[in-house]
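Peer 1: model_30.csv is reproduced in full below (CSV, C-alpha atoms and all ligand atoms).
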chain,number,residue,atom,x,y,z
G,1060,MET,CA,-173.1,-42.4,122.0
G,1061,THR,CA,-173.0,-45.0,119.2
G,1062,THR,CA,-174.6,-45.0,115.8
G,1063,GLU,CA,-175.6,-48.1,113.8
G,1064,PRO,CA,-172.8,-50.0,112.1
G,1065,ARG,CA,-172.4,-49.4,108.4
G,1066,GLY,CA,-169.8,-49.6,105.6
G,1067,PRO,CA,-166.7,-47.4,105.4
G,1068,LEU,CA,-167.6,-43.8,104.5
G,1069,HIS,CA,-165.5,-40.9,103.4
G,1070,PRO,CA,-164.4,-38.5,106.2
G,1071,GLN,CA,-166.2,-35.7,104.5
G,1072,THR,CA,-169.4,-37.7,105.0
G,1073,THR,CA,-168.7,-38.9,108.6
G,1074,SER,CA,-167.7,-35.3,109.6
G,1075,VAL,CA,-171.3,-34.2,109.1
G,1076,SER,CA,-173.1,-36.6,111.3
G,1077,GLU,CA,-170.9,-39.2,113.0
G,1078,GLY,CA,-171.5,-39.6,116.7
G,1079,PHE,CA,-175.0,-38.2,116.7
G,1080,ASP,CA,-178.1,-40.5,116.9
G,1081,PRO,CA,-181.4,-38.5,116.4
G,1082,ARG,CA,-183.3,-41.3,118.3
G,1083,LEU,CA,-181.5,-40.1,121.5
G,1084,SER,CA,-182.6,-36.5,120.9
G,1085,VAL,CA,-186.4,-36.5,120.1
G,1086,MET,CA,-185.4,-37.1,116.4
G,1087,ALA,CA,-183.7,-33.7,116.0
G,1088,VAL,CA,-181.7,-33.8,112.8
G,1089,ARG,CA,-178.8,-31.9,114.3
G,1090,PRO,CA,-177.3,-32.3,117.8
G,1091,PRO,CA,-178.9,-30.3,120.6
G,1092,ILE,CA,-176.8,-28.7,123.3
G,1093,TYR,CA,-176.8,-30.3,126.7
G,1094,PRO,CA,-176.0,-27.5,129.2
G,1095,VAL,CA,-176.1,-29.9,132.1
G,1096,SER,CA,-173.7,-30.5,134.9
G,1097,THR,CA,-174.9,-33.8,136.4
G,1098,TYR,CA,-176.9,-36.8,135.3
G,1099,ALA,CA,-179.5,-39.0,137.1
G,1100,PHE,CA,-178.7,-42.7,137.7
G,1101,PRO,CA,-181.3,-45.3,137.1
G,1102,SER,CA,-180.5,-46.9,140.5
G,1103,ALA,CA,-178.0,-46.8,143.3
G,1104,GLU,CA,-176.5,-50.0,142.0
G,1105,GLN,CA,-176.1,-48.5,138.6
G,1106,ALA,CA,-174.5,-45.4,140.1
G,1107,ALA,CA,-171.9,-47.6,141.8
G,1108,HIS,CA,-171.3,-49.5,138.6
G,1109,TYR,CA,-170.8,-46.3,136.6
G,1110,PHE,CA,-168.2,-45.1,139.1
G,1111,GLU,CA,-166.4,-48.5,139.0
G,1112,VAL,CA,-166.2,-48.2,135.2
G,1113,ALA,CA,-165.1,-44.6,135.3
G,1114,LEU,CA,-162.4,-45.2,137.8
G,1115,GLY,CA,-161.1,-48.3,135.8
G,1116,LYS,CA,-162.0,-50.8,138.5
G,1117,VAL,CA,-164.3,-52.7,136.3
G,1118,GLN,CA,-164.2,-53.1,132.5
G,1119,ARG,CA,-167.2,-52.0,130.5
G,1120,GLY,CA,-169.1,-55.1,129.2
G,1121,PRO,CA,-169.1,-55.8,125.4
G,1122,GLY,CA,-171.5,-53.3,123.8
G,1123,GLU,CA,-172.4,-51.9,127.2
G,1124,ASP,CA,-173.5,-48.3,127.1
G,1125,VAL,CA,-172.5,-46.9,130.5
G,1126,GLY,CA,-174.5,-43.8,131.4
G,1127,LEU,CA,-173.2,-40.3,132.1
G,1128,ILE,CA,-172.1,-39.1,135.5
G,1129,TYR,CA,-171.0,-35.5,135.7
G,1130,ALA,CA,-170.0,-33.0,133.0
G,1131,ARG,CA,-166.4,-32.7,134.2
G,1132,LEU,CA,-165.9,-36.4,133.4
G,1133,ASN,CA,-168.0,-36.5,130.2
G,1134,ASN,CA,-170.9,-34.8,128.5
G,1135,PRO,CA,-173.0,-35.7,125.4
G,1136,ASN,CA,-171.7,-32.8,123.3
G,1137,ALA,CA,-168.0,-33.7,124.0
G,1138,GLU,CA,-168.7,-37.4,123.2
G,1139,MET,CA,-170.5,-36.6,120.0
G,1140,PHE,CA,-167.6,-34.3,118.8
G,1141,GLU,CA,-165.0,-36.9,119.8
G,1142,ASP,CA,-166.8,-39.6,117.8
G,1143,ALA,CA,-166.9,-37.3,114.8
G,1144,LEU,CA,-163.2,-36.4,115.1
G,1145,ALA,CA,-162.2,-40.0,115.5
G,1146,SER,CA,-164.1,-40.9,112.4
G,1147,VAL,CA,-162.2,-38.4,110.2
G,1148,GLU,CA,-158.7,-38.9,111.5
G,1149,LYS,CA,-157.0,-41.7,109.5
G,1150,GLY,CA,-155.8,-44.5,111.9
G,1151,ALA,CA,-157.7,-43.1,114.9
G,1152,HIS,CA,-159.7,-45.4,117.2
G,1153,ALA,CA,-160.5,-42.8,119.8
G,1154,ALA,CA,-160.5,-39.0,120.4
G,1155,ALA,CA,-160.7,-36.6,123.4
G,1156,VAL,CA,-161.7,-33.0,123.5
G,1157,PHE,CA,-160.3,-30.3,125.9
G,1158,SER,CA,-160.9,-26.8,127.1
G,1159,SER,CA,-157.9,-25.5,125.0
G,1160,GLY,CA,-155.1,-26.6,122.8
G,1161,MET,CA,-152.8,-26.0,125.7
G,1162,SER,CA,-154.9,-28.2,128.1
G,1163,ALA,CA,-154.9,-31.0,125.4
G,1164,ILE,CA,-151.1,-30.8,125.4
G,1165,THR,CA,-150.6,-30.4,129.2
G,1166,THR,CA,-153.1,-33.1,130.1
G,1167,SER,CA,-151.6,-35.6,127.7
G,1168,LEU,CA,-148.0,-34.9,128.8
G,1169,LEU,CA,-148.8,-35.1,132.4
G,1170,THR,CA,-150.5,-38.5,131.8
G,1171,LEU,CA,-147.6,-39.9,129.8
G,1172,ALA,CA,-144.6,-38.5,131.7
G,1173,LYS,CA,-143.7,-39.2,135.3
G,1174,PRO,CA,-141.2,-37.3,137.6
G,1175,GLY,CA,-137.6,-38.2,136.8
G,1176,GLN,CA,-138.4,-38.9,133.2
G,1177,LYS,CA,-137.4,-36.9,130.1
G,1178,ILE,CA,-139.2,-35.5,127.1
G,1179,LEU,CA,-137.4,-34.9,123.8
G,1180,TYR,CA,-138.8,-32.3,121.5
G,1181,GLU,CA,-137.7,-30.6,118.3
G,1182,ARG,CA,-137.9,-26.8,118.1
G,1183,PRO,CA,-139.6,-24.7,117.0
G,1184,VAL,CA,-142.9,-25.5,118.7
G,1185,TYR,CA,-145.7,-23.1,119.5
G,1186,GLY,CA,-144.5,-20.5,122.1
G,1187,GLY,CA,-147.0,-21.6,124.8
G,1188,THR,CA,-145.8,-25.2,124.5
G,1189,ASP,CA,-142.2,-24.1,124.6
G,1190,HIS,CA,-142.9,-22.1,127.8
G,1191,PHE,CA,-144.6,-25.1,129.4
G,1192,PHE,CA,-141.7,-27.4,128.5
G,1193,ARG,CA,-139.0,-25.0,129.7
G,1194,HIS,CA,-140.5,-23.2,132.6
G,1195,MET,CA,-143.1,-25.5,134.1
G,1196,LEU,CA,-142.1,-29.1,133.6
G,1197,PRO,CA,-138.8,-28.7,135.5
G,1198,ASP,CA,-140.8,-27.9,138.7
G,1199,LEU,CA,-142.4,-31.3,138.3
G,1200,GLN,CA,-139.0,-33.0,138.0
G,1201,LEU,CA,-139.5,-33.5,134.3
G,1202,SER,CA,-136.9,-32.3,131.9
G,1203,ALA,CA,-137.9,-31.4,128.4
G,1204,ILE,CA,-134.7,-31.5,126.2
G,1205,ALA,CA,-134.7,-29.7,122.9
G,1206,VAL,CA,-133.3,-31.6,119.9
G,1207,GLU,CA,-131.5,-29.2,117.6
G,1208,ASN,CA,-131.5,-29.6,113.8
G,1209,SER,CA,-133.1,-33.1,113.8
G,1210,ALA,CA,-130.1,-34.6,115.7
G,1211,TRP,CA,-132.4,-37.3,117.1
G,1212,ASP,CA,-129.9,-40.2,117.0
G,1213,ASP,CA,-127.5,-38.6,119.5
G,1214,ALA,CA,-130.4,-37.3,121.7
G,1215,LEU,CA,-132.0,-40.8,121.8
G,1216,ARG,CA,-128.7,-42.5,122.6
G,1217,ALA,CA,-128.1,-40.0,125.4
G,1218,HIS,CA,-131.6,-39.9,126.9
G,1219,GLY,CA,-133.5,-43.1,125.6
G,1220,ALA,CA,-133.3,-45.0,128.9
G,1221,ASP,CA,-135.6,-42.6,130.8
G,1222,LEU,CA,-137.5,-41.1,127.9
G,1223,ALA,CA,-141.2,-40.6,128.5
G,1224,LEU,CA,-142.1,-39.4,125.0
G,1225,ALA,CA,-141.0,-37.6,121.9
G,1226,TYR,CA,-142.9,-34.4,120.9
G,1227,VAL,CA,-142.9,-32.6,117.6
G,1228,GLU,CA,-145.0,-30.0,115.8
G,1229,THR,CA,-145.2,-30.3,112.0
G,1230,PRO,CA,-145.5,-28.0,110.2
G,1231,ALA,CA,-144.1,-25.9,113.1
G,1232,ASN,CA,-145.4,-22.6,114.4
G,1233,PRO,CA,-144.2,-20.1,113.1
G,1234,THR,CA,-141.6,-21.3,110.6
G,1235,LEU,CA,-143.6,-24.2,109.0
G,1236,ARG,CA,-140.6,-26.5,109.3
G,1237,MET,CA,-141.6,-30.1,108.8
G,1238,ILE,CA,-140.6,-33.3,110.6
G,1239,ASP,CA,-140.4,-36.6,108.8
G,1240,LEU,CA,-142.6,-38.6,111.2
G,1241,ALA,CA,-142.0,-42.1,109.7
G,1242,ALA,CA,-138.3,-41.5,109.9
G,1243,LEU,CA,-138.6,-40.4,113.5
G,1244,ARG,CA,-140.7,-43.4,114.4
G,1245,GLU,CA,-138.1,-45.7,112.9
G,1246,ARG,CA,-135.3,-44.0,114.9
G,1247,LEU,CA,-137.3,-44.3,118.2
G,1248,ASP,CA,-137.9,-48.0,117.6
G,1249,ARG,CA,-134.4,-48.7,116.5
G,1250,ILE,CA,-132.5,-46.7,119.2
G,1251,VAL,CA,-134.9,-47.5,122.1
G,1252,PRO,CA,-136.0,-51.1,121.1
G,1253,ASP,CA,-137.1,-52.3,124.6
G,1254,ARG,CA,-140.5,-50.4,124.4
G,1255,ARG,CA,-142.6,-48.2,122.2
G,1256,VAL,CA,-141.8,-44.6,123.0
G,1257,PRO,CA,-145.0,-42.5,122.5
G,1258,LEU,CA,-144.6,-40.1,119.6
G,1259,VAL,CA,-146.8,-37.1,120.2
G,1260,VAL,CA,-147.5,-34.7,117.2
G,1261,ASP,CA,-149.1,-31.3,117.2
G,1262,ASN,CA,-151.1,-31.4,113.9
G,1263,THR,CA,-152.8,-28.1,114.3
G,1264,PHE,CA,-151.6,-26.5,111.1
G,1265,LEU,CA,-152.7,-29.1,108.6
G,1266,GLY,CA,-155.4,-30.9,110.5
G,1267,PRO,CA,-156.8,-34.3,109.8
G,1268,VAL,CA,-157.7,-33.0,106.3
G,1269,PHE,CA,-154.1,-32.7,104.9
G,1270,GLN,CA,-151.9,-34.8,107.3
G,1271,SER,CA,-152.5,-38.0,109.1
G,1272,PRO,CA,-149.7,-38.4,111.8
G,1273,LEU,CA,-151.2,-41.6,113.2
G,1274,ARG,CA,-150.6,-43.2,109.8
G,1275,HIS,CA,-146.9,-42.1,109.9
G,1276,GLY,CA,-146.1,-43.7,113.3
G,1277,ALA,CA,-147.5,-41.1,115.8
G,1278,ASP,CA,-149.3,-42.3,118.8
G,1279,LEU,CA,-151.2,-39.1,119.6
G,1280,ALA,CA,-152.2,-36.3,117.2
G,1281,LEU,CA,-152.9,-33.1,119.1
G,1282,TYR,CA,-154.9,-30.1,118.0
G,1283,SER,CA,-155.5,-26.6,119.1
G,1284,ALA,CA,-159.2,-26.9,118.1
G,1285,THR,CA,-159.4,-23.1,118.4
G,1286,LYS,CA,-157.9,-23.0,114.9
G,1287,PHE,CA,-159.1,-25.0,111.9
G,1288,LEU,CA,-161.3,-27.5,113.7
G,1289,GLY,CA,-163.3,-24.6,115.3
G,1290,GLY,CA,-162.7,-22.6,112.2
G,1291,HIS,CA,-164.5,-19.3,113.0
G,1292,SER,CA,-162.4,-17.6,115.7
G,1293,ASP,CA,-165.3,-18.0,118.1
G,1294,LEU,CA,-164.1,-20.6,120.6
G,1295,VAL,CA,-161.1,-21.9,122.5
G,1296,ALA,CA,-160.7,-25.7,122.6
G,1297,GLY,CA,-158.3,-28.6,122.1
G,1298,ALA,CA,-158.5,-32.2,120.9
G,1299,LEU,CA,-156.5,-35.3,120.4
G,1300,THR,CA,-156.8,-38.5,118.4
G,1301,ALA,CA,-155.0,-41.8,119.0
G,1302,THR,CA,-154.6,-45.3,117.7
G,1303,ASP,CA,-155.0,-46.8,121.1
G,1304,PRO,CA,-158.3,-46.3,122.9
G,1305,ALA,CA,-156.7,-47.4,126.2
G,1306,LEU,CA,-154.3,-44.5,126.0
G,1307,VAL,CA,-157.1,-42.1,125.3
G,1308,ALA,CA,-159.1,-43.5,128.3
G,1309,LYS,CA,-156.0,-42.9,130.5
G,1310,ILE,CA,-155.7,-39.3,129.3
G,1311,LYS,CA,-159.4,-38.8,129.9
G,1312,GLY,CA,-158.8,-40.0,133.5
G,1313,THR,CA,-156.3,-37.2,134.0
G,1314,ARG,CA,-158.7,-34.8,132.2
G,1315,ALA,CA,-161.4,-35.6,134.7
G,1316,PHE,CA,-159.2,-34.7,137.7
G,1317,LEU,CA,-157.6,-31.6,136.1
G,1318,GLY,CA,-161.0,-30.5,134.9
G,1319,THR,CA,-159.8,-29.8,131.4
G,1320,ILE,CA,-162.7,-31.2,129.4
G,1321,CYS,CA,-164.4,-29.0,126.8
G,1322,GLU,CA,-167.8,-27.7,128.1
G,1323,PRO,CA,-171.0,-28.6,126.2
G,1324,PHE,CA,-171.6,-25.4,124.2
G,1325,THR,CA,-168.1,-25.2,122.9
G,1326,ALA,CA,-168.2,-28.9,122.0
G,1327,TRP,CA,-171.5,-28.3,120.2
G,1328,LEU,CA,-169.9,-25.4,118.2
G,1329,LEU,CA,-166.9,-27.7,117.3
G,1330,GLN,CA,-169.2,-30.4,116.1
G,1331,LYS,CA,-171.1,-27.9,114.0
G,1332,SER,CA,-167.8,-26.8,112.4
G,1333,MET,CA,-166.8,-30.3,111.6
G,1334,ALA,CA,-169.4,-30.4,108.8
G,1335,THR,CA,-167.5,-27.7,106.9
G,1336,LEU,CA,-163.9,-28.6,107.9
G,1337,TRP,CA,-163.1,-30.1,104.4
G,1338,LEU,CA,-164.7,-27.3,102.5
G,1339,ARG,CA,-163.0,-24.6,104.6
G,1340,MET,CA,-159.5,-26.1,104.7
G,1341,ILE,CA,-159.4,-27.0,101.0
G,1342,LYS,CA,-160.6,-23.5,99.9
G,1343,GLN,CA,-158.2,-21.8,102.4
G,1344,SER,CA,-155.3,-23.9,101.1
G,1345,LYS,CA,-156.1,-23.0,97.5
G,1346,ASN,CA,-156.4,-19.3,98.3
G,1347,ALA,CA,-153.0,-19.4,100.2
G,1348,SER,CA,-151.3,-21.2,97.3
G,1349,HIS,CA,-152.6,-18.5,94.9
G,1350,LEU,CA,-151.6,-15.6,97.3
G,1351,VAL,CA,-148.1,-17.0,97.8
G,1352,LYS,CA,-147.2,-16.4,94.1
G,1353,THR,CA,-148.0,-12.6,94.5
G,1354,ILE,CA,-146.3,-12.3,97.8
G,1355,LYS,CA,-143.2,-14.0,96.6
G,1356,ALA,CA,-142.9,-11.7,93.5
G,1357,HIS,CA,-143.1,-8.5,95.7
G,1358,PRO,CA,-139.8,-6.6,95.9
G,1359,ALA,CA,-140.2,-5.9,99.7
G,1360,VAL,CA,-140.2,-9.7,100.4
G,1361,GLU,CA,-137.0,-11.5,101.3
G,1362,THR,CA,-138.2,-15.0,101.7
G,1363,VAL,CA,-141.6,-16.8,101.7
G,1364,HIS,CA,-142.0,-20.0,103.7
G,1365,TYR,CA,-144.7,-22.2,102.3
G,1366,PRO,CA,-144.7,-25.9,101.6
G,1367,THR,CA,-145.0,-25.6,97.8
G,1368,LEU,CA,-141.8,-23.5,97.9
G,1369,PHE,CA,-139.8,-25.9,100.0
G,1370,VAL,CA,-136.6,-27.4,98.5
G,1371,GLY,CA,-134.5,-30.4,99.4
G,1372,ASP,CA,-135.4,-32.5,102.4
G,1373,GLN,CA,-138.3,-30.2,103.5
G,1374,ALA,CA,-139.8,-30.6,100.0
G,1375,ARG,CA,-139.5,-34.4,100.2
G,1376,ILE,CA,-141.2,-34.5,103.6
G,1377,PHE,CA,-144.0,-32.3,102.3
G,1378,GLN,CA,-144.6,-34.6,99.3
G,1379,GLN,CA,-144.4,-37.7,101.4
G,1380,GLN,CA,-146.4,-36.7,104.4
G,1381,CYS,CA,-149.0,-34.1,103.4
G,1382,THR,CA,-151.8,-33.9,100.8
G,1383,ALA,CA,-151.9,-30.1,100.5
G,1384,PRO,CA,-149.8,-27.1,101.6
G,1385,GLY,CA,-152.5,-25.6,103.9
G,1386,SER,CA,-153.1,-21.9,104.5
G,1387,MET,CA,-150.3,-20.8,106.8
G,1388,ILE,CA,-147.7,-18.5,105.2
G,1389,ALA,CA,-144.5,-17.2,106.8
G,1390,VAL,CA,-142.9,-14.2,105.2
G,1391,GLU,CA,-139.6,-12.5,105.9
G,1392,LEU,CA,-139.5,-8.9,104.8
G,1393,ARG,CA,-136.5,-6.8,103.8
G,1394,GLY,CA,-135.9,-3.9,106.2
G,1395,GLY,CA,-136.1,-5.6,109.6
G,1396,ARG,CA,-138.7,-5.3,112.3
G,1397,ALA,CA,-139.6,-1.8,111.3
G,1398,ALA,CA,-140.6,-3.0,107.8
G,1399,ALA,CA,-142.6,-5.9,109.3
G,1400,PHE,CA,-144.5,-3.4,111.6
G,1401,ARG,CA,-145.1,-1.0,108.7
G,1402,PHE,CA,-146.6,-3.9,106.7
G,1403,LEU,CA,-148.8,-5.0,109.6
G,1404,ASN,CA,-150.0,-1.5,110.4
G,1405,ALA,CA,-150.9,-0.9,106.7
G,1406,LEU,CA,-153.2,-4.0,106.4
G,1407,LYS,CA,-156.7,-3.2,105.5
G,1408,LEU,CA,-158.7,-6.4,105.0
G,1409,VAL,CA,-156.4,-8.8,106.9
G,1410,ARG,CA,-156.7,-8.3,110.7
G,1411,LEU,CA,-153.6,-7.9,112.9
G,1412,ALA,CA,-154.2,-10.6,115.5
G,1413,VAL,CA,-152.7,-13.9,116.8
G,1414,SER,CA,-154.3,-17.2,116.1
G,1415,LEU,CA,-155.2,-18.8,112.8
G,1416,GLY,CA,-157.6,-21.2,111.0
G,1417,GLY,CA,-160.7,-18.9,111.1
G,1418,VAL,CA,-162.6,-17.8,108.0
G,1419,GLU,CA,-161.0,-14.4,108.1
G,1420,SER,CA,-157.3,-13.7,107.3
G,1421,LEU,CA,-155.0,-12.8,110.1
G,1422,ALA,CA,-151.4,-11.7,110.3
G,1423,CYS,CA,-149.0,-11.1,113.2
G,1424,HIS,CA,-145.3,-10.7,113.9
G,1425,PRO,CA,-144.4,-13.9,115.9
G,1426,ARG,CA,-141.2,-12.6,117.2
G,1427,SER,CA,-142.8,-9.9,119.2
G,1428,THR,CA,-146.0,-11.9,120.1
G,1429,THR,CA,-146.6,-15.7,120.0
G,1430,ALA,CA,-142.9,-16.6,119.8
G,1431,SER,CA,-141.5,-13.8,121.9
G,1432,GLY,CA,-140.0,-16.1,124.6
G,1433,ASP,CA,-136.2,-15.9,124.8
G,1434,GLU,CA,-135.6,-19.4,123.4
G,1435,ALA,CA,-138.3,-19.1,120.8
G,1436,ARG,CA,-136.6,-16.0,119.6
G,1437,ARG,CA,-133.3,-17.6,119.2
G,1438,ILE,CA,-134.6,-20.5,117.3
G,1439,CYS,CA,-137.3,-18.8,115.2
G,1440,GLU,CA,-135.5,-15.8,113.9
G,1441,PRO,CA,-132.2,-14.1,113.8
G,1442,GLU,CA,-132.4,-10.3,114.4
G,1443,ALA,CA,-131.9,-9.6,110.7
G,1444,SER,CA,-135.0,-11.4,109.4
G,1445,PRO,CA,-138.3,-10.4,110.9
G,1446,ARG,CA,-141.2,-12.4,109.8
G,1447,ALA,CA,-144.9,-11.8,109.4
G,1448,SER,CA,-147.2,-14.9,109.5
G,1449,CYS,CA,-150.5,-15.0,107.8
G,1450,GLY,CA,-153.2,-17.5,108.6
N,1501,LIG,C1,-149.5,-25.1,116.9
N,1501,LIG,C2,-150.2,-24.7,118.1
N,1501,LIG,N1,-150.4,-25.6,119.1
N,1501,LIG,C3,-151.1,-25.3,120.2
N,1501,LIG,C4,-151.6,-24.1,120.4
N,1501,LIG,C5,-152.3,-23.7,121.7
N,1501,LIG,O1,-153.7,-23.8,121.5
N,1501,LIG,P1,-154.8,-22.9,122.3
N,1501,LIG,O2,-154.5,-21.5,122.1
N,1501,LIG,O3,-156.1,-23.4,121.8
N,1501,LIG,O4,-154.6,-23.3,123.8
N,1501,LIG,C6,-151.4,-23.1,119.4
N,1501,LIG,C7,-152.0,-21.7,119.6
N,1501,LIG,O5,-151.7,-20.8,118.8
N,1501,LIG,C8,-150.7,-23.4,118.2
N,1501,LIG,O6,-150.6,-22.6,117.2
Would you put the structure from the file into structure tokens?
Peer 2:
Amino acid sequence: MTTEPRGPLHPQTTSVSEGFDPRLSVMAVRPPIYPVSTYAFPSAEQAAHYFEVALGKVQRGPGEDVGLIYARLNNPNAEMFEDALASVEKGAHAAAVFSSGMSAITTSLLTLAKPGQKILYERPVYGGTDHFFRHMLPDLQLSAIAVENSAWDDALRAHGADLALAYVETPANPTLRMIDLAALRERLDRIVPDRRVPLVVDNTFLGPVFQSPLRHGADLALYSATKFLGGHSDLVAGALTATDPALVAKIKGTRAFLGTICEPFTAWLLQKSMATLWLRMIKQSKNASHLVKTIKAHPAVETVHYPTLFVGDQARIFQQQCTAPGSMIAVELRGGRAAAFRFLNALKLVRLAVSLGGVESLACHPRSTTASGDEARRICEPEASPRASCG
């Protein structure tokens, strides 16, 4: 769905109404929900043409609006949200929406990587992503190789020849460790000069509001839209943005056959949430920055991980790459796992739950929940330093 061309607008403005044209919806001022599985074709010839375009056999003509086919391929609410998201992500020319953050990740990776190829990724990453890399990709003859302590040069020299993509999460769940994306892009281009190795970045923690991976050399920015994009802990969804619309079209092709598109009602909820994304994330970041000072001063606290407290290289990356610290806080308590559990069990206002990015505050112990896989354990936390994360 396209709207009339106009001058450049601030993302805070486009997030409210981009992608929605009231003339296509009886002049409703906000998008209606289209709970529809299939769409009528104007003629048999048009039906054939729509399929040829959808299967990539024929290119869409300039300005041609090809009609909808079937909701597993596309639906108006998904399209409207995608247009809104692409309009707010700096450097993006296209977006795609999925049934979950994990399906955004898996659908993208299965499009970009072929059997026999390798994926390099830096730990830590979200536990579900780590599980997919280590336990599921090998069955598809794909090896995901972890890069330890940013040792990308050696890893690229060893595996560059059959490398499908590089994958990072920054800030990472749950440690908030940051990756210098521009430096990684430079390494990829220098050490594997014969082609552009796709750099895929999970930008869930800072979102398009505080970090723009595509402007720092990433090819895909991935989101668990369940978190800040959705923003109310009332949906599960995923999304991606990219500089190259052809790449997004390819991933949408995989999405159609895996059936990982976001259904209309959830896409509608997501679009509704876009209108308050800036307000929510800015306020949440301010609240967290304030809270961190109190947490840090508490005698029970060993260490607080939060971007404004970073030192050295991590502080440099934060200054260079992000516009605000966001609202994720990782805390290491004195007294081990027992102390962490006592803290969590004593919470009154903050809910003990996994996930993040909603309007309520949540806290969990990643080591025994979201990052409880063996490898995630080893990387995220030594036995002596249990951590509680607050979102
Ligand atoms: C950083 C990150 N990426 C991806 C995911 C997976 O998203 P979803 O739960 O929407 O599938 C999560 C979930 O917590 C996450 O924290």
Peer 1: In Å, rounded to a single decimal, give me how far atom CA of G:Thr1285 is from atom CA of G:Val1184.
Peer 2: 16.7 Å
Peer 1: When you draw a straight line from atom C8 of ligand LIG 1501 (chain N) to atom CA of G:Gln1071, how long is it in Å?
Peer 2: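 Result for atom C8 of ligand LIG 1501 (chain N) versus atom CA of G:Gln1071: 24.1 Å, one decimal.
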Peer 1: Name each residue within 6 Å of ligand LIG 1501 (chain N), counting all atoms listed in the file, as a compact mmCIF listing (two decimals) with C-alpha atoms, keeping the file's coordinate frame.
Peer 2:
# COMPACT_ATOMS: atom_id res chain seq x y z
CA SER G 1159 -157.90 -25.50 125.00
CA GLY G 1160 -155.10 -26.60 122.80
CA MET G 1161 -152.80 -26.00 125.70
CA TYR G 1185 -145.70 -23.10 119.50
CA ASN G 1232 -145.40 -22.60 114.40
CA THR G 1263 -152.80 -28.10 114.30
CA SER G 1283 -155.50 -26.60 119.10
CA ALA G 1284 -159.20 -26.90 118.10
CA THR G 1285 -159.40 -23.10 118.40
CA VAL G 1295 -161.10 -21.90 122.50
CA ALA G 1296 -160.70 -25.70 122.60
CA GLY G 1297 -158.30 -28.60 122.10
CA SER G 1414 -154.30 -17.20 116.10
Peer 1: Write out as a list in words which residues come within 9 Å of stretch 1189-1203 of chain G when counting all atoms listed in the file, dropping same-chain ones fewer than 6 positions away.
Peer 2: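 The filter keeps Thr1165, Ala1172, Lys1173, Pro1174, Gly1175, Gln1176, Lys1177, Ile1178, Leu1179, Tyr1180, Arg1182, Pro1183, Ala1430, Gly1432, Glu1434 and Ala1435 of chain G.
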Peer 1: Pick out the closest residue to G:Met1333 from this set: G:Asp1303, G:Asp1248, G:Glu1104, G:Asp1142. Count all atoms listed in the file.
Peer 2: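 That would be G:Asp1142, the residue with the smallest distance to G:Met1333.
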Peer 1: Between G:Val1409, G:Leu1415, G:Ala1326, G:Ala1223, single out the one closest to G:Tyr1093, counting only C-alpha atoms.
Peer 2: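 Closest to G:Tyr1093, using only C-alpha atoms: G:Ala1326.
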Peer 1: Can you tell me which residues surround stretch 1365-1369 of chain G at a distance of at most 12 Å, considering all atoms listed in the file, apart from same-chain residues fewer than 3 positions away, and format the answer as an NGL selection string?
Peer 2: :G and (1229-1231 or 1233-1237 or 1264-1265 or 1344-1345 or 1347-1352 or 1354-1355 or 1362 or 1372-1391 or 1448-1450)
Peer 1: With distances taken over all atoms listed in the file, which of G:Glu1123, G:Glu1148, G:Asp1253, G:Glu1245 is nearest to G:Arg1274?
Peer 2: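 The answer is G:Glu1148, which sits nearest to G:Arg1274.
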